[in-house]
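Report on one structure; see the data block that follows.
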Amino acid sequence: MSIIQAIAEIFDSIFKRSSPEVQKRTLLKKLDSEIRLFSPVLCIEGKLQPNFAEALYSLYKLTRPLDDLFSVTVSPVDVQRQHRFESQLIFTAYSPEDQVIFESLAYENRKKEILESHEPAEKIYYKQRRNFDKLIRDLNEEPFAKMDMEILELRHFVEFCHYSFVPFMQIFDNGFIAGDFSYKPTYNEVSVHKAINLLEDFYYLTEGLKITTVLADQVLALAQLRKGVVLENTEINSYVSNLKKINYIISKIIPANRIKALIRYVKADGTYEPKIALYSGSPKKEFAATLKTEFDSNEQRVKSEIQDEQITNDVTDLFKNVQLEQLLGYNDEYNRIFQKNTSFAFKWIKPMQVLKTFVKVYISSGIKSLLNDIVIEGFFSSPTFKSNFSGIVYSVINADSQISEFEDSFGQDKRNSIAVMQGYVNDSHKDKDFYRRLEKMVVSANDECHKIMQEICSSLEILYKNLIELIADAKKPSSEIISNLKMLMMSSRNREHSNLLEEQIQNWTIFFDIMKNYVIINNVNGDV
């Protein structure tokens with residue numbers, strides 16, 4: 001600066017101190033003086049120095065192995081996986097005794113306890129729920145008091161390690177090669193104005209970042225969880241060394257307050273506050289909510305599977321050598337996909353298979369033809385009976401269509417679209433809102449399935465009672481309910497179907513015994 005320019009600035013500072021231009025120059029001079037005191041030197045006369053680039057390059061190399069670890073554990077790219085690994089970190093705060101209780105509440109162990117216990121199942125379910133409630137209450141105890149803050153700090157560090165240093169490096173060295181750690185960068189001075197956006201992005205993640213012993217413990221725990229066995233000392237030392245070096249760089253060489261000073265220098269605003277990353281929420285509450293959803297879902301799954309297994313002999317007696325009909329969409333294949341990725345499941349697969357098979361075997365085309373003839377050609381003594389009987393026959397004859405319509409609803413662009421559900425399964429790894437949408441669809445499909453089963457079984461129950469009456473009436477010398485019933489049933493067209501109905505009707509009670517495990521069935525063996 002020339003002597004004349006210096007004298008001019010002195011006069012301006014005395015006589016024009018209220019001038020915006022003078023204030024701006026004064027501020028810039030103050031900021032420049034502050035920046036010149038940085039050690040090591042980071043910026044001279046508005047130009048970022050190689051020291052700054054070297055610090056960034058060190059962070060670039062040090063964060064890569066950590067980002068690789070986080071990418072398969074707690075990265076927010078996969079929300080479900082992130083919460084799963086965070087849950088395992090929270091789990092480590094439980095006492096050894098509580099961890100044993102946790103293990104006992106795993107799906108397989110819960111089911112095994114029910115099957116092997118001599119106590120009533122409901123008593124076991126109650127004990128399991130009481131143990132679960134204790135684990136949830138324990139989250140309010142001292143070991144978990146700081147857990148939310150610690151995991152939020154981990155999330156901050158995870159985002160920092162995922163920061164892309166490459167654009168920053170390339171403004172210092174045009175030939176910088178990403179991912180090639182054998183490459184030796186050569187750094188040029190860079191105008192701080194040219195780097196302003198990158199500086200603000202970097203400050204956004206470094207302000208408030210804390211690298212503590214708790215964070216180090218979390219990193220080592222995640223590394224061990226990923227590896228599946230105890231870490232070697234060399235692995236532990238490598239992670240700890242990286243963390244110490246990162247901490248030194250962001251606290252001593254390019255701490256957030258120095259980055260802010262550079263940004264304020266570019267903005268010519270001594271009060272400018274760049275944006276910073278804020279992390280809120282309660283991982284502990286998310287953990288508790290996930291646990292509850294899984295616990296409730298697994299209890300329902302255990303109950304359903306035990307019910308399904310208990311009806312195996314009855315199903316064999318009912319259908320002999322006939323295999324259960326497979327369902328389209330609402331089946332075990334897709335259920336396995338859901339259970340692998342979520343806590344949701346189709347609840348009524350087996351009973352719906354039983355119902356579909358029963359309708360096919362016991363309400364065959366021949367039986368339908370017989371029932372139609374009775375409705376159309378029968379001389380009913382009671383118009384009310386005829387009206388009620390006709391309605392029930394129509395409902396039962398259309399049961400297979402009702403089931404088919406339900407299966408069709410899982411097709412493309414339909415209300416229960418499997419394609420949409422699978423899309424939600426995939427997208428739920430990125431956004432938990434899709435998880436809630438999937439839950440809503442699965443619950444809706446379960447409710448619809450149960451409603452259909454209840455409606456068809458109720459119609460079958462009424463039809464069964466009517467048929468018992470009609471079969472008995474047909475054997476009387478003179479039929480009372482339908483005067484020409486004997487002729488209709490014994491005609492050449494219907495004799496075979498009538499014999500089949502009378503032979504099969506005895507097995508309908510087996511069907512009702514099976515289905516009463518899932519829907520409301522009245523006493524079909526009572527008075528009719």
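Lettering and numbering for the structure tokens are positional, with chains as A, B, ... in the shown order, residues counted from 1 in each chain, and ligands counted from 1 in the shown order.
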Please list as a PDB file with C-alpha atoms, in the first residue's frame every residue within 7 Å of segment 365-381 of chain A, counting only C-alpha atoms and excluding residues in the same chain fewer than 4 positions away.
ATOM      1  CA  LYS A 386     -87.623 -69.183  -0.252  1.00  0.00           C
ATOM      2  CA  SER A 390     -82.356 -67.937  -2.483  1.00  0.00           C
ATOM      3  CA  VAL A 393     -77.574 -69.766  -2.294  1.00  0.00           C
ATOM      4  CA  ILE A 397     -72.503 -69.658  -5.467  1.00  0.00           C
ATOM      5  CA  ILE A 481     -90.609 -77.311   3.143  1.00  0.00           C
ATOM      6  CA  ILE A 482     -90.483 -77.822  -0.628  1.00  0.00           C
ATOM      7  CA  SER A 483     -93.247 -80.054  -1.887  1.00  0.00           C
ATOM      8  CA  ASN A 484     -91.337 -81.277  -4.974  1.00  0.00           C
ATOM      9  CA  LEU A 485     -87.948 -81.474  -3.241  1.00  0.00           C
ATOM     10  CA  LEU A 488     -85.799 -82.371  -7.781  1.00  0.00           C
ATOM     11  CA  ASN A 494     -79.382 -84.115  -9.934  1.00  0.00           C
ATOM     12  CA  HIS A 497     -75.074 -84.286  -7.142  1.00  0.00           C
ATOM     13  CA  LEU A 501     -74.014 -83.316  -1.189  1.00  0.00           C
TER      14      LEU A 501
END
Query - Test item: residues at most 12 Å from segment 120-136 of chain A, only C-alpha atoms, excluding those fewer than 3 positions along its chain, as a VMD selection string - result: chain A and resid 90 to 91 93 to 95 97 to 107 109 to 117 139 to 141 144 284 to 296 298 to 300 302 to 303 306 to 307
Query raised in the report: What lies within 10 Å of segment 433-447 of chain A using only C-alpha atoms, ignoring chain neighbours under 4 positions off, as number ranges by chain?
Result: A: 79-80, 330, 338, 341-349, 406, 409-410, 415-418, 420-429, 451-453
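Taking only C-alpha atoms into account, Ser498 of chain A lies nearest to A:Ile471 out of the set A:Glu480, A:Ile471, A:Phe85, A:Gly46.
Between atom CA of Glu405 of chain A and atom CA of Glu333 of chain A the interatomic distance comes to 19.6 Å.
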Report task. Name the closest residue to Ser297 of chain A among the candidates A:Gln339, A:Thr384, A:Asn321, A:Gln49; distances are taken between atoms, counting only C-alpha atoms. Result ->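 Smallest distance to Ser297 of chain A is found for A:Gln339.
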Report task. Pull the helix (DSSP H, G or I) assignments for segment 256-459 of chain A out of DSSP run on the backbone, and list those residues as a VMD selection string. Result -> chain A and resid 256 to 267 283 to 310 312 to 319 332 to 341 349 to 362 365 to 377 383 to 397 399 to 408 418 to 427 432 to 459
Query raised in the report: Could you name the residues that touch Asn499 of chain A at 10 Å or less, counting only C-alpha atoms, but leaving out those on the same chain fewer than 5 positions away, as a ChimeraX atom specification?
Result: /A:489-490,494,504-505
